[in-house]
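Asks: Contents of protein-v7.cif (mmCIF, C-alpha atoms) are below:
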data_run
loop_
_atom_site.label_atom_id
_atom_site.label_comp_id
_atom_site.auth_asym_id
_atom_site.auth_seq_id
_atom_site.Cartn_x
_atom_site.Cartn_y
_atom_site.Cartn_z
CA MET A 1 -23.40 20.72 -5.12
CA GLU A 2 -24.43 22.39 -8.39
CA LYS A 3 -21.24 24.43 -8.64
CA VAL A 4 -19.01 21.47 -7.79
CA LEU A 5 -20.69 19.19 -10.35
CA LEU A 6 -20.63 21.83 -13.09
CA LYS A 7 -16.99 22.55 -12.30
CA LYS A 8 -16.13 18.87 -12.68
CA ILE A 9 -18.09 18.66 -15.94
CA GLY A 10 -16.29 21.79 -17.15
CA VAL A 11 -12.91 20.22 -16.36
CA VAL A 12 -13.94 17.09 -18.28
CA PHE A 13 -15.01 19.23 -21.25
CA VAL A 14 -11.71 21.16 -21.18
CA ILE A 15 -9.72 17.92 -21.15
CA ALA A 16 -11.92 16.50 -23.92
CA GLY A 17 -11.42 19.70 -25.92
CA ILE A 18 -7.64 19.55 -25.51
CA VAL A 19 -7.62 15.89 -26.55
CA ALA A 20 -9.89 16.60 -29.53
CA LEU A 21 -7.77 19.58 -30.58
CA THR A 22 -4.61 17.51 -30.27
CA LEU A 23 -6.13 14.77 -32.43
CA PHE A 24 -7.29 17.34 -35.00
CA THR A 25 -3.81 18.85 -35.03
CA GLY A 26 -2.23 15.44 -35.56
CA ILE A 27 -4.69 14.55 -38.32
CA ILE A 28 -4.28 17.89 -40.11
CA TYR A 29 -0.48 17.80 -39.75
CA ARG A 30 -0.37 14.28 -41.16
CA ALA A 31 -2.65 15.25 -44.05
CA LYS A 32 -0.62 18.37 -44.84
CA SER A 33 2.72 16.56 -44.65
CA GLU A 34 1.45 13.74 -46.90
CA LEU A 35 0.16 16.38 -49.32
CA ALA A 36 3.56 18.10 -49.31
CA PHE A 37 5.41 14.84 -49.92
CA SER A 38 2.94 13.91 -52.70
CA GLU A 39 3.54 17.28 -54.31
CA LEU A 40 7.32 16.72 -54.13
CA ASP A 41 6.91 13.21 -55.57
CA ALA A 42 4.90 14.58 -58.50
CA PHE A 43 7.45 17.34 -59.10
CA MET A 44 10.42 14.96 -59.04
CA GLU A 45 8.61 12.42 -61.23
CA GLN A 46 8.04 15.18 -63.78
CA ILE A 47 11.77 15.94 -63.70
CA GLU A 48 12.59 12.23 -64.07
CA ILE A 49 10.31 11.96 -67.12
CA MET A 50 11.90 14.99 -68.73
CA TYR A 51 15.33 13.64 -67.84
CA ASP A 52 14.63 10.24 -69.45
CA LYS A 53 13.25 11.92 -72.54
CA SER A 54 16.35 14.13 -72.87
CA LEU A 55 18.64 11.15 -72.48
CA GLU A 56 16.90 9.38 -75.31
CA GLU A 57 17.48 12.37 -77.52
CA GLU A 58 21.01 13.30 -76.41
CA GLY A 59 22.48 9.88 -75.56
CA ASN A 60 23.42 8.28 -72.21
CA ASP A 61 26.40 10.40 -71.23
CA ILE A 62 27.15 11.26 -67.56
CA LEU A 63 28.38 14.77 -68.23
CA GLN A 64 25.60 15.36 -70.65
CA SER A 65 23.01 14.04 -68.14
CA GLU A 66 24.35 16.35 -65.43
CA PHE A 67 24.15 19.26 -67.83
CA ILE A 68 20.58 18.29 -68.82
CA VAL A 69 19.44 18.13 -65.19
CA SER A 70 21.18 21.39 -64.32
CA GLU A 71 19.66 23.18 -67.30
CA PHE A 72 16.26 21.68 -66.73
CA LEU A 73 16.16 22.68 -63.03
CA GLU A 74 17.37 26.18 -63.73
CA ASN A 75 14.59 26.68 -66.27
CA ILE A 76 11.81 25.52 -63.95
CA PRO A 77 10.08 28.52 -62.36
CA THR A 78 9.20 27.76 -58.73
CA ILE A 79 7.94 29.72 -55.77
CA TYR A 80 10.28 30.49 -52.90
CA GLU A 81 8.75 27.87 -50.58
CA LYS A 82 9.48 24.94 -52.91
CA ALA A 83 12.78 23.81 -54.44
CA VAL A 84 14.47 20.80 -56.06
CA PHE A 85 18.21 20.11 -56.04
CA ALA A 86 20.26 17.64 -58.01
CA VAL A 87 23.23 16.33 -55.96
CA ASP A 88 26.04 14.13 -57.24
CA GLY A 89 25.67 10.73 -55.61
CA SER A 90 29.41 10.24 -55.11
CA SER A 91 30.86 13.71 -54.45
CA GLY A 92 27.91 15.42 -52.79
CA VAL A 93 28.28 18.41 -55.09
CA ILE A 94 25.11 20.30 -56.03
CA LEU A 95 24.71 19.88 -59.79
CA GLY A 96 21.74 22.15 -60.18
CA ALA A 97 18.77 23.72 -58.42
CA THR A 98 15.49 25.37 -59.26
CA VAL A 99 15.54 29.14 -59.34
CA ASN A 100 13.78 31.70 -57.10
CA ASN A 101 14.73 29.85 -53.90
CA GLU A 102 17.62 28.71 -51.72
CA GLN A 103 20.70 27.52 -53.59
CA SER A 104 22.47 25.60 -50.81
CA LEU A 105 21.87 22.56 -48.61
CA ASP A 106 23.06 22.99 -45.04
CA PHE A 107 22.06 20.11 -42.74
CA GLU A 108 22.66 20.25 -39.00
CA ASN A 109 25.51 18.00 -37.81
CA VAL A 110 26.48 17.21 -41.44
CA ASN A 111 30.01 18.43 -42.20
CA THR A 112 31.38 16.21 -44.98
CA PRO A 113 30.10 15.27 -48.48
CA LYS A 114 30.03 11.63 -47.38
CA ASP A 115 27.77 12.47 -44.43
CA LEU A 116 25.58 14.58 -46.72
CA ILE A 117 25.10 11.70 -49.17
CA SER A 118 24.38 9.29 -46.30
CA GLU A 119 21.81 11.69 -44.84
CA LEU A 120 20.09 12.24 -48.21
CA LYS A 121 19.69 8.51 -48.80
CA LYS A 122 17.74 8.25 -45.53
CA LEU A 123 15.12 10.72 -46.73
CA THR A 124 13.49 8.67 -49.48
CA ASN A 125 10.28 8.38 -47.42
CA GLY A 126 10.26 12.05 -46.50
CA ARG A 127 10.79 13.81 -43.20
CA LEU A 128 10.35 17.15 -41.45
CA MET A 129 13.79 18.44 -40.52
CA LYS A 130 15.89 21.58 -40.20
CA VAL A 131 17.73 22.59 -43.39
CA ASN A 132 19.39 25.96 -44.04
CA GLY A 133 18.28 27.16 -40.62
CA SER A 134 14.55 26.49 -41.04
CA TYR A 135 12.24 23.48 -40.92
CA LYS A 136 11.28 21.90 -44.25
CA PHE A 137 9.38 18.89 -45.53
CA ILE A 138 12.19 17.18 -47.44
CA LYS A 139 12.24 14.08 -49.65
CA THR A 140 14.84 12.50 -51.96
CA LYS A 141 14.79 10.32 -55.06
CA THR A 142 17.70 8.49 -56.73
CA LEU A 143 18.15 9.29 -60.41
CA ASP A 144 21.00 7.24 -61.91
CA HIS A 145 24.17 8.53 -60.25
CA MET A 146 22.36 11.61 -58.93
CA ILE A 147 20.08 12.29 -55.98
CA LEU A 148 17.11 14.59 -56.46
CA VAL A 149 16.36 16.54 -53.28
CA GLY A 150 13.01 18.28 -53.03
CA PHE A 151 11.78 20.38 -50.12
CA ILE A 152 8.85 22.61 -49.19
CA GLN A 153 9.13 25.27 -46.48
CA ALA A 154 7.30 24.06 -43.37
CA ASP A 155 6.44 27.57 -42.06
CA THR A 156 3.79 28.05 -44.75
CA ILE A 157 2.13 24.74 -43.99
CA LEU A 158 2.48 25.20 -40.23
CA LYS A 159 0.89 28.64 -40.50
CA LYS A 160 -2.05 27.07 -42.31
CA ILE A 161 -2.27 24.43 -39.60
CA VAL A 162 -2.22 27.15 -36.90
CA VAL A 163 -5.01 29.03 -38.69
CA GLN A 164 -7.06 25.85 -38.94
CA MET A 165 -6.37 25.05 -35.29
CA CYS A 166 -7.56 28.51 -34.28
CA PHE A 167 -10.72 27.95 -36.28
CA TRP A 168 -11.27 24.52 -34.74
CA SER A 169 -10.46 25.85 -31.26
CA ILE A 170 -13.13 28.52 -31.62
CA ALA A 171 -15.58 25.98 -33.05
CA ILE A 172 -14.92 23.43 -30.29
CA SER A 173 -15.06 26.10 -27.57
CA ALA A 174 -18.35 27.43 -28.92
CA PHE A 175 -19.72 23.89 -29.11
CA PHE A 176 -18.72 23.10 -25.52
CA ILE A 177 -20.08 26.43 -24.26
CA VAL A 178 -23.45 25.72 -25.86
CA ILE A 179 -23.39 22.18 -24.43
CA MET A 180 -22.50 23.52 -20.95
CA VAL A 181 -25.30 26.10 -21.06
CA LEU A 182 -27.85 23.50 -22.15
CA LEU A 183 -26.49 20.95 -19.68
CA LYS A 184 -26.58 23.46 -16.83
CA ARG A 185 -30.16 24.37 -17.67
CA TYR A 186 -31.18 20.74 -17.96
CA LEU A 187 -29.40 19.66 -14.76
CA ARG A 188 -30.75 22.61 -12.81
CA ARG A 189 -34.30 21.86 -13.87
CA TYR A 190 -34.35 18.07 -13.84
CA LEU A 191 -31.65 17.18 -11.32
CA PHE A 192 -30.46 19.95 -9.01
CA HIS A 193 -33.95 21.15 -8.14
CA ASP A 194 -34.94 17.73 -6.82
CA PHE A 195 -31.54 17.15 -5.21
CA CYS A 196 -31.80 20.46 -3.34
CA ASN A 197 -35.29 19.53 -2.10
CA ILE A 198 -34.03 16.16 -0.91
CA GLN A 199 -31.03 17.78 0.77
CA ASP A 200 -33.21 20.39 2.52
CA ASN A 201 -35.63 17.72 3.75
CA ILE A 202 -32.80 15.59 5.12
CA LYS A 203 -31.45 18.64 6.97
CA GLU A 204 -34.93 19.15 8.45
CA ILE A 205 -35.01 15.54 9.62
CA ILE A 206 -31.54 15.87 11.15
CA SER A 207 -32.64 19.03 12.94
CA GLY A 208 -35.48 17.03 14.48
CA ASN A 209 -38.41 17.82 12.21
CA LEU A 210 -40.02 14.66 10.83
CA ASP A 211 -42.98 16.49 9.28
CA VAL A 212 -41.44 16.69 5.81
CA ASN A 213 -42.29 14.96 2.56
CA PHE A 214 -39.86 13.89 -0.17
CA GLU A 215 -41.21 14.51 -3.65
CA THR A 216 -39.93 15.11 -7.18
CA GLN A 217 -41.25 17.84 -9.45
CA TYR A 218 -39.63 17.12 -12.82
CA ASN A 219 -37.63 13.92 -12.72
CA THR A 220 -39.88 10.86 -12.69
CA GLU A 221 -36.80 8.62 -12.30
CA PHE A 222 -36.46 10.03 -8.75
CA LYS A 223 -39.86 8.74 -7.66
CA PRO A 224 -38.54 5.36 -6.40
CA LEU A 225 -35.86 7.25 -4.47
CA THR A 226 -38.32 9.69 -2.90
CA LYS A 227 -40.61 6.78 -1.98
CA MET A 228 -37.76 5.02 -0.18
CA LEU A 229 -36.83 8.24 1.60
CA ASN A 230 -40.44 8.77 2.70
CA ASP A 231 -40.60 5.17 3.96
CA TRP A 232 -37.31 5.72 5.81
CA LYS A 233 -38.64 8.94 7.36
CA ASP A 234 -41.95 7.30 8.34
CA SER A 235 -40.12 4.41 9.97
CA TYR A 236 -38.59 6.93 12.38
CA LYS A 237 -41.73 9.01 12.64
CA TYR A 238 -43.73 6.10 14.06
CA GLU A 239 -40.85 4.58 16.00
CA ALA A 240 -42.02 6.06 19.32
CA ASP A 241 -45.61 4.82 18.73
CA ARG A 242 -44.38 1.29 18.07
CA MET A 243 -42.16 1.36 21.14
CA SER A 244 -45.03 2.58 23.34
CA LYS A 245 -47.46 -0.06 22.09
CA ILE A 246 -44.97 -2.85 22.66
CA ILE A 247 -43.97 -1.67 26.15
CA THR A 248 -47.53 -0.90 27.24
CA SER A 249 -48.55 -4.43 26.34
CA LEU A 250 -45.74 -5.79 28.51
CA ASP A 251 -45.50 -3.63 31.63
CA ALA A 252 -46.42 -0.03 32.36
CA HIS A 253 -43.42 0.28 34.68
CA VAL A 254 -40.92 -0.46 31.91
CA ALA A 255 -39.77 2.28 29.51
CA ILE A 256 -37.38 2.11 26.56
CA PHE A 257 -35.47 4.83 24.76
CA GLU A 258 -33.38 5.14 21.61
CA CYS A 259 -31.18 8.14 20.77
CA LEU A 260 -29.86 8.37 17.19
CA TYR A 261 -27.13 10.95 16.77
CA TYR A 262 -26.92 10.71 12.96
CA ILE A 263 -30.46 12.07 12.56
CA ASN A 264 -30.46 14.03 15.86
CA GLN A 265 -33.59 12.23 17.07
CA ASN A 266 -34.75 10.68 20.36
CA PHE A 267 -37.44 8.01 20.52
CA PHE A 268 -39.17 7.16 23.81
CA SER A 269 -42.05 5.04 24.91
CA GLU A 270 -44.83 7.27 26.24
CA ASN A 271 -44.22 6.28 29.87
CA THR A 272 -40.53 7.29 29.93
CA GLN A 273 -41.19 10.59 31.72
CA SER A 274 -43.39 8.95 34.36
CA VAL A 275 -40.90 6.14 34.95
CA LEU A 276 -38.14 8.69 35.55
CA GLY A 277 -40.50 10.83 37.62
CA VAL A 278 -39.23 14.11 36.16
CA SER A 279 -41.18 17.34 35.80
CA ASP A 280 -42.38 18.72 32.48
CA GLY A 281 -39.69 21.42 32.51
CA VAL A 282 -36.86 18.93 33.01
CA TRP A 283 -38.37 16.57 30.46
CA ASP A 284 -38.58 19.31 27.81
CA GLU A 285 -34.88 20.02 28.33
CA ILE A 286 -33.58 16.45 28.15
CA LYS A 287 -35.80 15.10 25.36
CA CYS A 288 -34.79 17.66 22.73
CA ASN A 289 -31.62 15.95 21.47
CA PRO A 290 -29.60 12.75 21.98
CA GLN A 291 -26.72 14.41 23.80
CA SER A 292 -28.93 16.02 26.48
CA PHE A 293 -30.75 12.77 27.22
CA GLU A 294 -27.58 10.67 27.27
CA GLU A 295 -25.87 13.08 29.68
CA TYR A 296 -28.92 13.02 31.96
CA ILE A 297 -29.18 9.20 32.04
CA THR A 298 -25.40 8.84 32.48
CA SER A 299 -25.42 11.20 35.46
CA ILE A 300 -28.17 9.13 37.13
CA ALA A 301 -26.47 5.83 36.30
CA GLU A 302 -23.33 6.89 38.20
CA GLU A 303 -25.20 6.21 41.46
CA VAL A 304 -26.42 2.69 40.66
CA ASP A 305 -25.70 -0.14 43.10
CA GLU A 306 -24.39 -3.58 42.23
CA ASP A 307 -27.86 -4.65 41.08
CA GLY A 308 -28.04 -1.74 38.61
CA MET A 309 -30.57 0.04 40.88
CA VAL A 310 -30.63 3.72 41.78
CA TYR A 311 -32.88 5.65 44.16
CA PHE A 312 -33.98 8.74 42.23
CA ASN A 313 -36.95 11.11 42.58
CA ASN A 314 -38.36 8.91 45.39
CA LYS A 315 -38.24 5.94 43.06
CA PHE A 316 -36.15 2.82 42.74
CA ILE A 317 -35.13 2.65 39.07
CA LYS A 318 -33.11 -0.02 37.33
CA ILE A 319 -31.14 1.38 34.37
CA SER A 320 -29.73 -0.66 31.49
CA ALA A 321 -28.11 1.68 28.95
CA PHE A 322 -25.83 0.97 25.98
CA LYS A 323 -23.76 3.17 23.65
CA VAL A 324 -22.85 1.80 20.19
CA GLN A 325 -21.16 4.25 17.81
CA SER A 326 -23.75 6.98 17.13
CA GLU A 327 -26.62 5.27 18.98
CA PHE A 328 -27.57 5.37 22.67
CA TYR A 329 -30.39 3.11 23.79
CA GLY A 330 -31.62 1.20 26.82
CA ILE A 331 -34.38 0.20 29.25
CA LEU A 332 -35.67 1.89 32.40
CA VAL A 333 -37.58 -0.22 34.95
CA ASP A 334 -39.48 1.33 37.86
CA LYS A 335 -38.93 -1.13 40.75
CA THR A 336 -40.54 1.07 43.42
CA GLN A 337 -43.75 -0.97 43.81
CA ASP A 338 -41.82 -4.25 43.89
CA ILE A 339 -39.50 -2.96 46.60
CA GLN A 340 -42.38 -1.42 48.59
CA PHE A 341 -44.29 -4.68 48.33
CA SER A 342 -41.28 -6.67 49.48
CA THR A 343 -40.75 -4.32 52.44
CA ARG A 344 -44.43 -4.52 53.43
CA MET A 345 -44.41 -8.31 53.17
CA ARG A 346 -41.24 -8.50 55.26
CA ASN A 347 -42.76 -6.26 57.94
CA GLU A 348 -45.98 -8.29 57.96
CA LEU A 349 -44.01 -11.53 58.29
CA GLN A 350 -42.01 -10.12 61.17
CA MET A 351 -45.23 -8.96 62.88
CA ALA A 352 -46.91 -12.34 62.36
CA ARG A 353 -43.91 -14.19 63.74
CA LYS A 354 -43.78 -11.87 66.77
CA GLU A 355 -47.47 -12.43 67.44
CA SER A 356 -47.06 -16.21 67.11
CA GLU A 357 -44.17 -16.26 69.62
CA ASN A 358 -45.84 -14.13 72.35
CA ASP A 359 -48.78 -14.80 74.61
CA ALA A 360 -51.74 -12.71 73.59
CA LEU A 361 -52.78 -11.92 77.16
CA THR A 362 -49.51 -11.41 79.05
CA LYS A 363 -47.42 -10.44 75.97
CA LEU A 364 -44.71 -12.72 77.35
CA ILE A 365 -42.74 -15.11 75.14
CA ASN A 366 -44.40 -18.47 74.71
CA ARG A 367 -42.94 -21.91 74.19
CA LYS A 368 -42.56 -21.50 70.41
CA GLY A 369 -40.61 -18.30 70.85
CA PHE A 370 -38.59 -19.80 73.65
CA GLU A 371 -37.56 -22.75 71.49
CA ARG A 372 -36.49 -20.42 68.62
CA TYR A 373 -34.37 -18.31 70.95
CA VAL A 374 -32.75 -21.41 72.44
CA LYS A 375 -31.96 -22.81 69.00
CA GLU A 376 -30.49 -19.52 67.85
CA PHE A 377 -28.38 -19.20 71.03
CA LEU A 378 -27.08 -22.72 70.82
CA SER A 379 -26.25 -22.35 67.12
CA PHE A 380 -23.98 -19.40 67.90
CA HIS A 381 -22.74 -20.39 71.39
CA THR A 382 -21.98 -24.08 71.15
CA GLY A 383 -20.87 -25.56 74.50
CA GLU A 384 -21.74 -22.44 76.50
CA GLY A 385 -24.70 -21.53 78.66
CA ILE A 386 -26.99 -23.01 81.32
CA LEU A 387 -30.63 -24.05 81.22
CA LEU A 388 -32.89 -23.32 84.18
CA MET A 389 -36.31 -24.98 84.39
#
For this file, write the structure as structure tokens.

Replies:
Amino acid sequence: MEKVLLKKIGVVFVIAGIVALTLFTGIIYRAKSELAFSELDAFMEQIEIMYDKSLEEEGNDILQSEFIVSEFLENIPTIYEKAVFAVDGSSGVILGATVNNEQSLDFENVNTPKDLISELKKLTNGRLMKVNGSYKFIKTKTLDHMILVGFIQADTILKKIVVQMCFWSIAISAFFIVIMVLLKRYLRRYLFHDFCNIQDNIKEIISGNLDVNFETQYNTEFKPLTKMLNDWKDSYKYEADRMSKIITSLDAHVAIFECLYYINQNFFSENTQSVLGVSDGVWDEIKCNPQSFEEYITSIAEEVDEDGMVYFNNKFIKISAFKVQSEFYGILVDKTQDIQFSTRMRNELQMARKESENDALTKLINRKGFERYVKEFLSFHTGEGILLM
């Protein structure tokens, strides 16, 4: 029971750990992606400010503005993982790009400038997608007739996420291991110990030993349970005494029995052996378990007559037995004295009638006997016979 329960708890912890790790991953990924997009926003806003300032100084000329953006981007030192492009909003031509990084924009399934422009306009809110053969956090911003395209390599961020996930995995695993160790120790001391005692005592009862006592050593919450189990055990322990007292108060020639398979116990009134008339050796064999006693009673009951009576061990016994699921119970009634009394009374009546119908001196039939014989003859032989006087 301990291993099964701890295994189930372990499975729950593993599932909880996976769920927690997944949530952490989602939260960290969202935070990192929002940070990347915020960084791109700040970078492109800085370019927009510089662009507006240059326009004020140089005048609002398209060619001049393209040149300004191109020059400005080329003079911005950036790391390899981060880049900003300026793309013509009508032709899709790259007008300029930051240095030290990729100088082309190659989107999957995008083959024409028109498709490129359409795709870039969808990225104003930012997205993780594959560009130039690798995944990038990419975001766009419209600047007059141009589109600013900023991206940050996702591998760097994803590597950081993996490192953090490894850290959190170790932390969560260590936490759950500590919890499992403490839980195992707690359960073993305050739960499993008492459960094992209860289980062992129940096995003892099932094996036929009612001299056990349910008790709890550590867990006070189990005291009501152990009290109920002790009451349940005592109800069976004194079952035979109750049966004997009830039957003795009714009739010493009546015995009752109850065989309970689910606790492997037989309960008899004290006079059951004497009613059956069996020897101590036979009684010790059949009383030990429900199956032995049921088989013995069933074998006797096969010989009962229509009145439920069987002549067994020089006794006339009436058997009433019932089997309901895992219980076998019934009543045994010793009718020997009743039958002997009836036989004696019948013999005495026959003797008294014979004496009343015969003359005491000559032993010949008298008038009373003669009249009975005549009546009997005439009742069976109507219209036949002759009377001599």

Asks: Could you jot down the atom CA of Ser173 of chain A to atom CA of Leu23 of chain A separation for me, Å, one decimal place?

Replies: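 Calculated distance between atom CA of Ser173 of chain A and atom CA of Leu23 of chain A is 15.2 Å.
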
Asks: What's around Ala174 of chain A at 12 Å? Count all atoms listed in the file, leave out sequence neighbours fewer than 5 positions away in its own chain, and write the answer as a list in words.

Replies: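 Contacts, in chain order: Phe13, Val14, Gly17, Phe167, Trp168, Ser169, Ile179, Met180 and Val181 of chain A.
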
Asks: On this structure, which residues satisfy the PyMOL selection byres ((chain A and resi 149) around 9), written as a list in words?

Replies: Met44, Ala83, Val84, Phe85, Ala86, Val87, Leu120, Leu123, Ile138, Lys139, Thr140, Lys141, Thr142, Ile147, Leu148, Gly150 and Phe151 of chain A

Asks: For Pro290 of chain A, find every residue with an atom within 8 Å (counting all atoms listed in the file), except residues of its own chain fewer than 3 positions away, and show them as a ChimeraX atom specification.

Replies: /A:259-261,264-266,287,293-294,328

Asks: Residues picked by the PyMOL selection byres ((chain A and resi 90) around 9) here, as a list in words?

Replies: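 When the PyMOL selection byres ((chain A and resi 90) around 9) is applied, the selected residues are Val87, Asp88, Gly89, Ser91, Gly92, Val93, Pro113, Lys114, Ile117, His145 and Met146 of chain A.
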
Asks: Please write the residues picked by the PyMOL selection byres ((chain A and resi 304-313) around 10) on this file as a ChimeraX atom specification.

Replies: /A:275-278,300-303,314-320,333-336

Asks: From the set A:Phe370, A:Phe380, A:Phe341, A:Tyr51, which residue has the shortest atom-to-atom contact distance to Asp144 of chain A, counting all atoms listed in the file?

Replies: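 That would be A:Tyr51, the residue with the smallest distance to Asp144 of chain A.
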
Asks: Would you compute the distance between atom CA of Ile386 of chain A and atom CA of Gln350 of chain A? Give it in Å to one decimal.

Replies: 28.2 Å

Asks: Segment 371-375 of chain A, all listed atoms, 8 Å padding on each side: what axis-aligned box centre and edge lengths in Å to one decimal come out, as lines of an AutoDock Vina configuration file?

Replies:
center_x = -34.8
center_y = -20.6
center_z = 70.5
size_x = 21.6
size_y = 20.5
size_z = 19.8
